[in-house]
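Next comes coords31.tsv, a file with TSV, C-alpha atoms.
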```tsv
chain	number	residue	atom	x	y	z
A	1048	MET	CA	0.00	0.00	0.00
A	1049	SER	CA	1.14	3.52	-0.72
A	1050	ARG	CA	-0.53	6.90	-0.56
A	1051	ARG	CA	-1.38	8.49	-3.90
A	1052	ILE	CA	-4.22	10.28	-5.71
A	1053	PRO	CA	-6.23	7.82	-7.82
A	1054	PRO	CA	-7.34	8.89	-11.35
A	1055	GLY	CA	-10.40	11.18	-11.17
A	1056	ASP	CA	-9.94	11.80	-7.46
A	1057	ASN	CA	-8.42	14.80	-5.69
A	1058	LEU	CA	-7.40	13.35	-2.32
A	1059	LEU	CA	-4.54	11.09	-1.26
A	1060	ARG	CA	-5.76	7.52	-0.72
A	1061	TRP	CA	-4.14	4.27	0.32
A	1062	VAL	CA	-3.72	2.30	-2.91
A	1063	CYS	CA	-2.50	-1.29	-3.18
A	1064	ASP	CA	0.72	-1.36	-5.21
A	1065	SER	CA	0.00	-4.75	-6.71
A	1066	CYS	CA	-3.76	-4.76	-7.44
A	1067	SER	CA	-4.46	-0.96	-7.43
A	1068	SER	CA	-7.49	-1.40	-5.19
A	1069	ILE	CA	-8.23	1.73	-3.16
A	1070	HIS	CA	-8.66	1.60	0.61
A	1071	TYR	CA	-10.92	4.58	1.37
A	1072	GLU	CA	-10.80	5.98	4.89
A	1073	ASN	CA	-13.83	8.01	5.92
A	1074	PRO	CA	-15.11	9.48	9.18
A	1075	ARG	CA	-16.89	7.06	11.50
A	1076	MET	CA	-20.16	7.37	13.38
A	1077	ILE	CA	-20.49	6.96	17.13
A	1078	VAL	CA	-24.07	6.10	18.06
A	1079	GLY	CA	-25.61	6.12	21.52
A	1080	CYS	CA	-28.44	7.45	23.63
A	1081	VAL	CA	-29.59	9.37	26.64
A	1082	ALA	CA	-31.66	6.63	28.29
A	1083	GLU	CA	-34.19	7.52	30.98
A	1084	TRP	CA	-35.89	5.50	33.69
A	1085	GLU	CA	-38.45	7.34	35.82
A	1086	GLY	CA	-36.67	10.62	35.23
A	1087	LYS	CA	-33.23	9.24	36.02
A	1088	ILE	CA	-30.50	9.07	33.36
A	1089	LEU	CA	-28.29	6.06	32.67
A	1090	LEU	CA	-24.54	6.71	32.73
A	1091	CYS	CA	-21.65	4.25	32.47
A	1092	LYS	CA	-18.22	4.59	34.07
A	1093	ARG	CA	-15.68	3.68	31.40
A	1094	ALA	CA	-13.46	0.62	31.91
A	1095	ILE	CA	-11.43	1.42	28.78
A	1096	GLU	CA	-9.29	4.20	27.38
A	1097	PRO	CA	-9.71	6.96	26.47
A	1098	ARG	CA	-11.14	8.54	29.64
A	1099	HIS	CA	-10.94	5.42	31.80
A	1100	GLY	CA	-12.93	5.94	35.02
A	1101	LEU	CA	-15.05	8.83	33.68
A	1102	TRP	CA	-18.78	8.75	32.98
A	1103	THR	CA	-20.51	8.62	29.61
A	1104	VAL	CA	-23.83	7.80	28.03
A	1105	PRO	CA	-23.76	4.38	26.34
A	1106	ALA	CA	-22.29	4.89	22.85
A	1107	GLY	CA	-19.89	3.29	20.39
A	1108	PHE	CA	-19.02	2.80	16.74
A	1109	LEU	CA	-21.88	2.07	14.35
A	1110	GLU	CA	-21.30	-1.36	12.82
A	1111	LYS	CA	-22.05	-2.59	9.31
A	1112	GLY	CA	-25.59	-3.80	8.64
A	1113	GLU	CA	-27.32	-1.85	11.39
A	1114	THR	CA	-29.29	1.39	11.46
A	1115	THR	CA	-28.14	4.26	13.67
A	1116	ALA	CA	-30.97	3.55	16.17
A	1117	GLU	CA	-30.15	-0.18	16.22
A	1118	GLY	CA	-26.52	0.68	16.93
A	1119	ALA	CA	-27.53	2.91	19.85
A	1120	GLN	CA	-29.70	0.10	21.22
A	1121	ARG	CA	-26.91	-2.46	20.88
A	1122	GLU	CA	-24.35	-0.22	22.60
A	1123	THR	CA	-26.77	0.31	25.51
A	1124	LEU	CA	-27.13	-3.44	25.85
A	1125	GLU	CA	-23.37	-4.10	25.56
A	1126	GLU	CA	-22.20	-1.39	27.94
A	1127	ALA	CA	-24.99	-1.43	30.54
A	1128	ASN	CA	-26.89	-4.70	29.96
A	1129	ALA	CA	-29.87	-2.40	29.53
A	1130	ARG	CA	-32.82	-2.73	27.17
A	1131	VAL	CA	-33.85	0.59	25.68
A	1132	GLU	CA	-36.57	1.81	23.37
A	1133	ILE	CA	-35.12	4.44	21.04
A	1134	ALA	CA	-37.11	7.62	20.38
A	1135	ALA	CA	-35.97	10.59	18.24
A	1136	LEU	CA	-32.46	11.64	17.29
A	1137	PHE	CA	-31.43	14.27	19.82
A	1138	SER	CA	-27.95	15.52	18.92
A	1139	LEU	CA	-25.28	15.39	16.21
A	1140	TYR	CA	-21.72	16.46	16.98
A	1141	ASN	CA	-18.95	16.76	14.40
A	1142	LEU	CA	-15.46	15.99	15.70
A	1143	PRO	CA	-13.44	16.69	12.55
A	1144	HIS	CA	-10.06	16.55	14.34
A	1145	ILE	CA	-10.61	12.85	15.07
A	1146	ASP	CA	-12.86	12.04	12.09
A	1147	GLN	CA	-15.92	11.14	14.12
A	1148	VAL	CA	-19.58	12.12	14.03
A	1149	TYR	CA	-21.66	11.50	17.17
A	1150	LEU	CA	-25.35	10.67	16.75
A	1151	LEU	CA	-27.12	10.52	20.11
A	1152	PHE	CA	-30.78	9.53	20.47
A	1153	ARG	CA	-33.29	9.88	23.26
A	1154	GLY	CA	-34.34	6.56	24.77
A	1155	ARG	CA	-36.56	5.01	27.43
A	1156	LEU	CA	-35.31	2.05	29.45
A	1157	LEU	CA	-37.73	-0.88	29.53
A	1158	ASP	CA	-36.85	-1.61	33.16
A	1159	ALA	CA	-34.39	-0.52	35.86
A	1160	ASN	CA	-32.12	-3.56	35.45
A	1161	VAL	CA	-28.78	-2.10	34.48
A	1162	SER	CA	-25.31	-3.48	35.18
A	1163	ALA	CA	-21.77	-3.07	33.94
A	1164	GLY	CA	-20.86	-4.64	30.59
A	1165	ALA	CA	-17.31	-5.64	29.60
A	1166	GLU	CA	-16.19	-2.06	28.80
A	1167	THR	CA	-17.86	-0.54	31.88
A	1168	LEU	CA	-16.73	-0.33	35.52
A	1169	GLU	CA	-20.11	0.69	36.91
A	1170	THR	CA	-23.56	1.76	35.73
A	1171	ARG	CA	-25.88	4.08	37.57
A	1172	LEU	CA	-29.25	5.81	37.10
A	1173	PHE	CA	-28.64	9.45	38.02
A	1174	GLU	CA	-31.16	11.96	39.28
A	1175	GLU	CA	-30.56	15.31	37.55
A	1176	ALA	CA	-29.07	16.82	40.73
A	1177	ASP	CA	-26.54	13.99	41.06
A	1178	ILE	CA	-25.04	14.02	37.54
A	1179	PRO	CA	-21.23	14.07	37.91
A	1180	TRP	CA	-20.56	17.07	35.65
A	1181	ASP	CA	-16.86	17.25	36.52
A	1182	GLN	CA	-16.42	13.53	35.86
A	1183	LEU	CA	-17.92	13.29	32.36
A	1184	ALA	CA	-15.75	11.62	29.73
A	1185	PHE	CA	-16.49	13.72	26.64
A	1186	ALA	CA	-17.65	17.20	25.61
A	1187	THR	CA	-20.27	15.52	23.38
A	1188	VAL	CA	-21.78	13.92	26.48
A	1189	ARG	CA	-21.65	17.11	28.56
A	1190	ASN	CA	-23.26	19.21	25.81
A	1191	THR	CA	-25.90	16.61	25.06
A	1192	LEU	CA	-26.88	16.23	28.73
A	1193	THR	CA	-27.01	20.01	29.15
A	1194	HIS	CA	-29.37	20.38	26.17
A	1195	TYR	CA	-31.36	17.34	27.26
A	1196	LEU	CA	-32.09	18.63	30.76
A	1197	SER	CA	-32.81	22.13	29.48
A	1198	ASP	CA	-35.23	20.79	26.84
A	1199	ARG	CA	-36.88	18.48	29.37
A	1200	ALA	CA	-37.41	21.38	31.77
A	1201	ARG	CA	-39.16	23.44	29.10
A	1202	GLY	CA	-41.26	20.43	28.06
A	1203	HIS	CA	-40.08	20.10	24.47
A	1204	PHE	CA	-37.16	18.15	23.01
A	1205	GLY	CA	-35.42	19.70	20.00
A	1206	PHE	CA	-32.58	18.45	17.81
A	1207	HIS	CA	-29.11	19.86	18.44
A	1208	ILE	CA	-26.18	20.00	16.07
A	1209	GLY	CA	-22.71	21.27	16.79
A	1210	THR	CA	-19.00	20.94	16.21
A	1211	ILE	CA	-16.34	20.21	18.79
A	1212	GLU	CA	-13.06	21.45	17.34
A	1213	HIS	CA	-10.81	20.00	20.01
A	1214	LYS	CA	-10.86	19.34	23.73
A	1215	THR	CA	-11.32	22.89	24.95
A	1216	ARG	CA	-12.87	24.96	22.17
A	1217	GLU	CA	-16.43	24.28	21.10
A	1218	ARG	CA	-19.02	25.92	18.97
A	1219	GLU	CA	-22.69	25.17	18.56
A	1220	ALA	CA	-24.30	25.56	15.16
A	1221	GLY	CA	-27.95	25.46	14.29
A	1222	ARG	CA	-30.92	24.00	16.03
A	1223	SER	CA	-34.40	22.99	14.96
B	225	MET	CA	-5.03	-10.03	6.00
B	226	SER	CA	-7.54	-12.60	7.20
B	227	ARG	CA	-10.94	-12.35	8.81
B	228	ARG	CA	-11.09	-13.23	12.50
B	229	ILE	CA	-12.52	-12.00	15.80
B	230	PRO	CA	-9.91	-9.97	17.72
B	231	PRO	CA	-9.59	-10.46	21.51
B	232	GLY	CA	-12.35	-8.60	23.39
B	233	ASP	CA	-14.39	-8.09	20.24
B	234	ASN	CA	-17.44	-10.02	18.99
B	235	LEU	CA	-17.37	-9.32	15.26
B	236	LEU	CA	-15.23	-10.64	12.42
B	237	ARG	CA	-12.61	-8.07	11.39
B	238	TRP	CA	-9.84	-7.94	8.81
B	239	VAL	CA	-6.63	-8.54	10.77
B	240	CYS	CA	-3.10	-8.33	9.36
B	241	ASP	CA	-1.43	-11.74	9.68
B	242	SER	CA	2.02	-10.29	10.24
B	243	CYS	CA	1.47	-7.23	12.48
B	244	SER	CA	-2.01	-8.06	13.94
B	245	SER	CA	-3.28	-4.54	13.19
B	246	ILE	CA	-7.06	-4.48	12.74
B	247	HIS	CA	-8.68	-2.90	9.70
B	248	TYR	CA	-12.11	-1.81	10.95
B	249	GLU	CA	-14.82	-1.37	8.35
B	250	ASN	CA	-17.72	0.83	9.42
B	251	PRO	CA	-20.70	2.40	7.65
B	252	ARG	CA	-19.98	5.57	5.72
B	253	MET	CA	-21.79	8.89	5.63
B	254	ILE	CA	-23.14	10.50	2.46
B	255	VAL	CA	-23.59	14.24	2.96
B	256	GLY	CA	-25.43	16.64	0.70
B	257	CYS	CA	-28.13	19.27	0.55
B	258	VAL	CA	-31.38	20.49	-0.92
B	259	ALA	CA	-30.16	23.83	-2.25
B	260	GLU	CA	-32.66	26.53	-3.17
B	261	TRP	CA	-32.43	29.61	-5.35
B	262	GLU	CA	-35.53	31.82	-5.48
B	263	GLY	CA	-37.76	28.83	-4.74
B	264	LYS	CA	-36.11	26.60	-7.34
B	265	ILE	CA	-34.22	23.47	-6.32
B	266	LEU	CA	-30.78	22.45	-7.60
B	267	LEU	CA	-30.55	18.96	-9.08
B	268	CYS	CA	-27.64	17.27	-10.86
B	269	LYS	CA	-27.85	14.64	-13.60
B	270	ARG	CA	-25.34	11.94	-12.72
B	271	ALA	CA	-22.38	11.31	-15.04
B	272	ILE	CA	-21.28	8.28	-13.02
B	273	GLU	CA	-22.62	4.92	-11.92
B	274	PRO	CA	-24.74	3.97	-10.11
B	275	ARG	CA	-27.80	5.60	-11.70
B	276	HIS	CA	-25.95	7.29	-14.56
B	277	GLY	CA	-28.26	9.81	-16.27
B	278	LEU	CA	-30.68	10.15	-13.34
B	279	TRP	CA	-31.15	13.24	-11.17
B	280	THR	CA	-29.97	13.74	-7.59
B	281	VAL	CA	-29.32	16.49	-5.07
B	282	PRO	CA	-25.57	17.18	-4.72
B	283	ALA	CA	-24.19	14.60	-2.25
B	284	GLY	CA	-21.21	12.36	-1.69
B	285	PHE	CA	-19.00	10.65	0.88
B	286	LEU	CA	-17.98	12.69	3.91
B	287	GLU	CA	-14.19	13.01	3.90
B	288	LYS	CA	-11.77	13.04	6.83
B	289	GLY	CA	-11.21	16.39	8.55
B	290	GLU	CA	-14.49	18.01	7.56
B	291	THR	CA	-17.79	18.54	9.36
B	292	THR	CA	-20.99	17.14	7.86
B	293	ALA	CA	-22.08	20.64	6.75
B	294	GLU	CA	-18.67	21.34	5.21
B	295	GLY	CA	-18.90	18.07	3.31
B	296	ALA	CA	-22.33	19.01	1.95
B	297	GLN	CA	-20.97	22.39	0.86
B	298	ARG	CA	-17.94	20.80	-0.83
B	299	GLU	CA	-20.08	18.27	-2.71
B	300	THR	CA	-22.34	21.08	-3.96
B	301	LEU	CA	-19.28	22.90	-5.24
B	302	GLU	CA	-17.75	19.78	-6.84
B	303	GLU	CA	-20.89	18.47	-8.52
B	304	ALA	CA	-22.59	21.74	-9.54
B	305	ASN	CA	-19.91	24.44	-9.22
B	306	ALA	CA	-22.41	26.04	-6.86
B	307	ARG	CA	-21.76	28.00	-3.70
B	308	VAL	CA	-24.25	27.22	-0.97
B	309	GLU	CA	-24.92	28.41	2.55
B	310	ILE	CA	-25.90	25.44	4.69
B	311	ALA	CA	-28.83	25.77	7.11
B	312	ALA	CA	-30.25	23.01	9.32
B	313	LEU	CA	-29.97	19.25	8.93
B	314	PHE	CA	-33.12	18.12	7.16
B	315	SER	CA	-33.05	14.34	6.81
B	316	LEU	CA	-31.18	11.22	7.90
B	317	TYR	CA	-31.64	7.95	6.04
B	318	ASN	CA	-30.18	4.62	7.12
B	319	LEU	CA	-29.28	2.26	4.28
B	320	PRO	CA	-28.07	-0.73	6.30
B	321	HIS	CA	-27.97	-3.08	3.29
B	322	ILE	CA	-25.18	-0.99	1.76
B	323	ASP	CA	-23.69	0.36	5.01
B	324	GLN	CA	-24.47	4.00	4.34
B	325	VAL	CA	-26.11	6.80	6.28
B	326	TYR	CA	-27.38	9.82	4.33
B	327	LEU	CA	-27.31	13.23	6.03
B	328	LEU	CA	-29.01	15.87	3.90
B	329	PHE	CA	-29.13	19.54	4.86
B	330	ARG	CA	-31.19	22.48	3.70
B	331	GLY	CA	-29.17	25.11	1.86
B	332	ARG	CA	-29.47	28.45	0.10
B	333	LEU	CA	-27.47	29.09	-3.07
B	334	LEU	CA	-25.48	32.33	-3.00
B	335	ASP	CA	-26.21	32.96	-6.69
B	336	ALA	CA	-27.78	31.23	-9.69
B	337	ASN	CA	-24.43	30.28	-11.26
B	338	VAL	CA	-24.55	26.49	-11.43
B	339	SER	CA	-22.87	24.23	-13.95
B	340	ALA	CA	-21.90	20.58	-14.31
B	341	GLY	CA	-18.88	19.35	-12.35
B	342	ALA	CA	-16.79	16.31	-13.34
B	343	GLU	CA	-19.32	13.75	-12.05
B	344	THR	CA	-22.34	15.58	-13.47
B	345	LEU	CA	-23.83	15.65	-16.99
B	346	GLU	CA	-26.10	18.64	-16.39
B	347	THR	CA	-27.29	20.88	-13.56
B	348	ARG	CA	-30.63	22.61	-13.41
B	349	LEU	CA	-32.70	24.75	-11.02
B	350	PHE	CA	-36.14	23.13	-10.94
B	351	GLU	CA	-39.44	24.77	-10.14
B	352	GLU	CA	-41.48	22.46	-7.91
B	353	ALA	CA	-43.85	21.58	-10.78
B	354	ASP	CA	-40.94	20.52	-13.02
B	355	ILE	CA	-39.13	18.12	-10.69
B	356	PRO	CA	-38.46	14.89	-12.64
B	357	TRP	CA	-39.97	12.48	-10.09
B	358	ASP	CA	-39.66	9.45	-12.38
B	359	GLN	CA	-36.03	10.26	-13.15
B	360	LEU	CA	-34.65	10.59	-9.61
B	361	ALA	CA	-31.57	8.50	-8.83
B	362	PHE	CA	-32.25	7.40	-5.25
B	363	ALA	CA	-35.10	6.79	-2.79
B	364	THR	CA	-33.26	9.00	-0.30
B	365	VAL	CA	-33.53	11.89	-2.76
B	366	ARG	CA	-37.19	11.23	-3.59
B	367	ASN	CA	-38.20	10.98	0.07
B	368	THR	CA	-36.20	14.04	1.06
B	369	LEU	CA	-37.66	16.17	-1.75
B	370	THR	CA	-41.18	15.00	-0.89
B	371	HIS	CA	-40.75	16.00	2.76
B	372	TYR	CA	-39.02	19.22	1.77
B	373	LEU	CA	-41.81	20.44	-0.48
B	374	SER	CA	-44.46	19.37	2.00
B	375	ASP	CA	-42.71	21.17	4.86
B	376	ARG	CA	-42.14	24.25	2.72
B	377	ALA	CA	-45.83	24.37	1.82
B	378	ARG	CA	-46.87	24.30	5.47
B	379	GLY	CA	-44.27	26.94	6.33
B	380	HIS	CA	-42.17	24.94	8.77
B	381	PHE	CA	-39.18	22.65	8.13
B	382	GLY	CA	-38.84	19.63	10.41
B	383	PHE	CA	-36.18	16.94	10.65
B	384	HIS	CA	-36.90	13.58	9.05
B	385	ILE	CA	-35.33	10.23	9.83
B	386	GLY	CA	-36.00	6.95	8.10
B	387	THR	CA	-34.61	3.65	6.90
B	388	ILE	CA	-34.49	2.39	3.34
B	389	GLU	CA	-34.24	-1.37	3.51
B	390	HIS	CA	-33.62	-1.97	-0.17
B	391	LYS	CA	-34.68	-0.53	-3.51
B	392	THR	CA	-38.42	-1.12	-3.24
B	393	ARG	CA	-39.32	-1.43	0.44
B	394	GLU	CA	-39.06	1.62	2.68
B	395	ARG	CA	-40.15	2.62	6.11
B	396	GLU	CA	-40.15	5.99	7.77
B	397	ALA	CA	-39.40	6.22	11.46
B	398	GLY	CA	-39.77	9.17	13.76
B	399	ARG	CA	-39.91	12.85	13.11
B	400	SER	CA	-39.34	15.92	15.21
```
Structure re-expressed in structure tokens:
Amino acid sequence: MSRRIPPGDNLLRWVCDSCSSIHYENPRMIVGCVAEWEGKILLCKRAIEPRHGLWTVPAGFLEKGETTAEGAQRETLEEANARVEIAALFSLYNLPHIDQVYLLFRGRLLDANVSAGAETLETRLFEEADIPWDQLAFATVRNTLTHYLSDRARGHFGFHIGTIEHKTREREAGRS
Amino acid sequence: MSRRIPPGDNLLRWVCDSCSSIHYENPRMIVGCVAEWEGKILLCKRAIEPRHGLWTVPAGFLEKGETTAEGAQRETLEEANARVEIAALFSLYNLPHIDQVYLLFRGRLLDANVSAGAETLETRLFEEADIPWDQLAFATVRNTLTHYLSDRARGHFGFHIGTIEHKTREREAGRS
């Protein structure tokens, strides 16, 4: 494999030197959800890097053959052994510096049985007042939870889209 | 490279036999927009397969380092030499059978100068009554245009999410 611009293209790609097949690399989707049970929100303490020991909503890479909502449901099952019914898409965050796009849904847990999956140290259903804001793993999670609680308080959930440029600088764009 | 399940994973992946590095394959995003100029909608007649000769909104694979809106803007420039201002996200379609997720925005053209890019045979600004419904390239485009015109008529644009299972069977899910 070597990096060159294939005919008709305008970007460097990995191209096989023997068979000329092109290995395209594109941004990946992270899918997950804000899952509620009787007003409480499911968070998972990460057992893996990055951000080992910090809290996140269940989320992970979308896999081939599944829809974005199915991926969010699967991640919730894998990370928290929790069964969730997915509602609307709630937020989209672009992370162009690491080639990721987060798609986070709203969800309703089918019961309160949650427990740590293989990539999780601990799961917990948090009352709003108890959310560990200074122990959240990612800006995407912090922003999404902030919008979620604000929307819930005003009685109407919107859809939020934004871009996180790097760890400290963020901008929000658009809303519907 | 051979296909096997890496330690701690539960899916078959391509793994290098000599260095054990894993080549993850994940679904890809197609980004594009419904771009308007004075009520008319920009469509492009495809110069490439699949669906050579049929009409589509400008759209293509999201590339590394760009946000979803930037990708939609770039595709509009590449396919129609058109400069567009991107507004809100308008639709998301899952195409799990081909591992794609479409993200289509609403956009406003900065001027009426549009012309065919390298992957386009012809560009045109269509009045609603002239849209070539039986010559559209993809179900994602047909569904998005249908919702767009319906929302525009009622004076409020929503966000639409759905899944296209294969060429003939479709289901719509959710709306906000």
Long-range neighbours of Cys1063 in chain A as a compact mmCIF listing (two decimals) with C-alpha atoms, in the frame of the given file, 8 Å cut-off, all atoms listed in the file, 5 positions minimum in chain:
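Below you can see selection.txt, which holds the result:
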```txt
# COMPACT_ATOMS: atom_id res chain seq x y z
CA MET A 1048 0.00 0.00 0.00
CA SER A 1049 1.14 3.52 -0.72
CA SER A 1068 -7.49 -1.40 -5.19
CA ILE A 1069 -8.23 1.73 -3.16
CA HIS A 1070 -8.66 1.60 0.61
```
Please build the interface table for chain B against chain A with a cut-off of 10 Å, listing for each qualifying residue the nearest atom pair and the distance in Å to one decimal; count only C-alpha atoms, order rows by chain and increasing number, and write it as a tab-separated table.
```
residue	atom	partner	partner_atom	distance
B:Gly232	CA	A:Ala1165	CA	8.5
B:Leu235	CA	A:Glu1110	CA	9.2
B:Tyr248	CA	A:Glu1110	CA	9.4
B:Glu249	CA	A:Lys1111	CA	7.4
B:Asn250	CA	A:Glu1110	CA	5.4
B:Pro251	CA	A:Lys1111	CA	5.4
B:Arg252	CA	A:Asn1073	CA	6.6
B:Met253	CA	A:Pro1074	CA	7.6
B:Phe285	CA	A:Asn1073	CA	7.7
B:Leu286	CA	A:Asn1073	CA	6.6
B:Glu287	CA	A:Asn1073	CA	5.4
B:Lys288	CA	A:Pro1074	CA	5.4
B:Gly289	CA	A:Pro1143	CA	4.6
B:Glu290	CA	A:Pro1143	CA	5.3
B:Thr291	CA	A:Asn1141	CA	5.5
B:Thr292	CA	A:Asn1141	CA	6.9
B:Ala293	CA	A:Asn1141	CA	9.1
B:Ile310	CA	A:Gly1221	CA	9.8
B:Ala311	CA	A:Gly1221	CA	7.2
B:Ala312	CA	A:Gly1221	CA	6.0
B:Leu313	CA	A:Ile1208	CA	8.1
B:Phe314	CA	A:Ser1223	CA	9.3
B:Leu316	CA	A:Leu1136	CA	9.5
B:Tyr317	CA	A:Thr1114	CA	8.8
B:Asn318	CA	A:Thr1114	CA	5.5
B:Leu319	CA	A:Thr1114	CA	7.2
B:Pro320	CA	A:Gly1112	CA	4.6
B:His321	CA	A:Gly1112	CA	5.9
B:Ile322	CA	A:Gly1112	CA	7.4
B:Asp323	CA	A:Lys1111	CA	5.5
B:Gln324	CA	A:Lys1111	CA	8.6
B:Val325	CA	A:Thr1115	CA	8.1
B:Ala342	CA	A:Gly1055	CA	8.5
B:Glu343	CA	A:Gly1055	CA	9.3
B:Phe381	CA	A:Ser1223	CA	8.3
B:Gly382	CA	A:Ser1223	CA	7.2
B:Phe383	CA	A:Ser1223	CA	7.6
B:His384	CA	A:Leu1136	CA	9.6
B:Ile385	CA	A:Leu1136	CA	8.1
B:Gly386	CA	A:Thr1114	CA	9.3
B:Thr387	CA	A:Thr1114	CA	7.4
B:Ile388	CA	A:Thr1114	CA	9.7
B:Glu389	CA	A:Thr1114	CA	9.8
B:Ala397	CA	A:Ala1135	CA	8.8
B:Gly398	CA	A:Ala1135	CA	6.0
B:Arg399	CA	A:Ala1135	CA	6.9
B:Ser400	CA	A:Ala1135	CA	7.0
```
Using only C-alpha atoms, give me every residue within 8 Å of (-24.6, 18.9, -11.6) in file coordinates, as a list in words.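 Taken together, the residues in range are Leu267, Cys268, Lys269, Arg270, Pro282, Glu303, Ala304, Asn305, Val338, Ser339, Ala340, Gly341, Glu343, Thr344, Leu345, Glu346, Thr347 and Arg348 of chain B.
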Residue with smallest distance to Asp358 in chain B - pool B:Arg378, B:Gln297, B:Thr370, B:Leu278, counting all atoms listed in the file: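 The closest residue to Asp358 in chain B is B:Leu278.
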Considering only C-alpha atoms, can you say which of B:Leu301, B:Ile272, B:Ala259, B:Ala283 comes closest to Tyr326 in chain B? B:Ala283
CA of Glu1083 in chain A and CA of Gly1100 in chain A, how far apart in Å?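 If I compute the distance from CA of Gly1100 in chain A to CA of Glu1083 in chain A, I get 21.7 Å.
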Please, could N, CA, C and O atoms be added to range 1107-1120 of chain A and the result written as a PDB file, in the coordinates of the input?
```pdb
ATOM      1  N   GLY A1107     -21.043   3.951  21.006  1.00  0.00           N
ATOM      2  CA  GLY A1107     -19.890   3.290  20.390  1.00  0.00           C
ATOM      3  C   GLY A1107     -20.014   3.326  18.877  1.00  0.00           C
ATOM      4  O   GLY A1107     -20.980   3.878  18.332  1.00  0.00           O
ATOM      5  N   PHE A1108     -19.047   2.741  18.193  1.00  0.00           N
ATOM      6  CA  PHE A1108     -19.020   2.800  16.740  1.00  0.00           C
ATOM      7  C   PHE A1108     -20.207   2.065  16.103  1.00  0.00           C
ATOM      8  O   PHE A1108     -20.526   0.934  16.472  1.00  0.00           O
ATOM      9  N   LEU A1109     -20.853   2.735  15.156  1.00  0.00           N
ATOM     10  CA  LEU A1109     -21.880   2.070  14.350  1.00  0.00           C
ATOM     11  C   LEU A1109     -21.213   0.952  13.549  1.00  0.00           C
ATOM     12  O   LEU A1109     -20.150   1.139  12.967  1.00  0.00           O
ATOM     13  N   GLU A1110     -21.851  -0.214  13.547  1.00  0.00           N
ATOM     14  CA  GLU A1110     -21.300  -1.360  12.820  1.00  0.00           C
ATOM     15  C   GLU A1110     -22.057  -1.579  11.507  1.00  0.00           C
ATOM     16  O   GLU A1110     -23.184  -1.101  11.339  1.00  0.00           O
ATOM     17  N   LYS A1111     -21.422  -2.307  10.594  1.00  0.00           N
ATOM     18  CA  LYS A1111     -22.050  -2.590   9.310  1.00  0.00           C
ATOM     19  C   LYS A1111     -23.363  -3.356   9.496  1.00  0.00           C
ATOM     20  O   LYS A1111     -23.484  -4.178  10.392  1.00  0.00           O
ATOM     21  N   GLY A1112     -24.343  -3.046   8.652  1.00  0.00           N
ATOM     22  CA  GLY A1112     -25.590  -3.800   8.640  1.00  0.00           C
ATOM     23  C   GLY A1112     -26.638  -3.326   9.628  1.00  0.00           C
ATOM     24  O   GLY A1112     -27.741  -3.874   9.668  1.00  0.00           O
ATOM     25  N   GLU A1113     -26.314  -2.321  10.440  1.00  0.00           N
ATOM     26  CA  GLU A1113     -27.320  -1.850  11.390  1.00  0.00           C
ATOM     27  C   GLU A1113     -27.682  -0.401  11.108  1.00  0.00           C
ATOM     28  O   GLU A1113     -26.912   0.352  10.525  1.00  0.00           O
ATOM     29  N   THR A1114     -28.896  -0.013  11.548  1.00  0.00           N
ATOM     30  CA  THR A1114     -29.290   1.390  11.460  1.00  0.00           C
ATOM     31  C   THR A1114     -28.677   2.133  12.649  1.00  0.00           C
ATOM     32  O   THR A1114     -28.232   1.505  13.624  1.00  0.00           O
ATOM     33  N   THR A1115     -28.707   3.457  12.584  1.00  0.00           N
ATOM     34  CA  THR A1115     -28.140   4.260  13.670  1.00  0.00           C
ATOM     35  C   THR A1115     -28.877   3.978  14.994  1.00  0.00           C
ATOM     36  O   THR A1115     -28.244   3.862  16.045  1.00  0.00           O
ATOM     37  N   ALA A1116     -30.202   3.840  14.946  1.00  0.00           N
ATOM     38  CA  ALA A1116     -30.970   3.550  16.170  1.00  0.00           C
ATOM     39  C   ALA A1116     -30.656   2.146  16.688  1.00  0.00           C
ATOM     40  O   ALA A1116     -30.530   1.934  17.900  1.00  0.00           O
ATOM     41  N   GLU A1117     -30.515   1.184  15.791  1.00  0.00           N
ATOM     42  CA  GLU A1117     -30.150  -0.180  16.220  1.00  0.00           C
ATOM     43  C   GLU A1117     -28.774  -0.194  16.880  1.00  0.00           C
ATOM     44  O   GLU A1117     -28.539  -0.911  17.863  1.00  0.00           O
ATOM     45  N   GLY A1118     -27.859   0.586  16.338  1.00  0.00           N
ATOM     46  CA  GLY A1118     -26.520   0.680  16.930  1.00  0.00           C
ATOM     47  C   GLY A1118     -26.570   1.252  18.335  1.00  0.00           C
ATOM     48  O   GLY A1118     -25.903   0.755  19.254  1.00  0.00           O
ATOM     49  N   ALA A1119     -27.386   2.284  18.523  1.00  0.00           N
ATOM     50  CA  ALA A1119     -27.530   2.910  19.850  1.00  0.00           C
ATOM     51  C   ALA A1119     -28.109   1.905  20.848  1.00  0.00           C
ATOM     52  O   ALA A1119     -27.666   1.815  21.995  1.00  0.00           O
ATOM     53  N   GLN A1120     -29.070   1.122  20.379  1.00  0.00           N
ATOM     54  CA  GLN A1120     -29.700   0.100  21.220  1.00  0.00           C
ATOM     55  C   GLN A1120     -28.689  -0.995  21.600  1.00  0.00           C
ATOM     56  O   GLN A1120     -28.614  -1.407  22.755  1.00  0.00           O
TER      57      GLN A1120
END
```
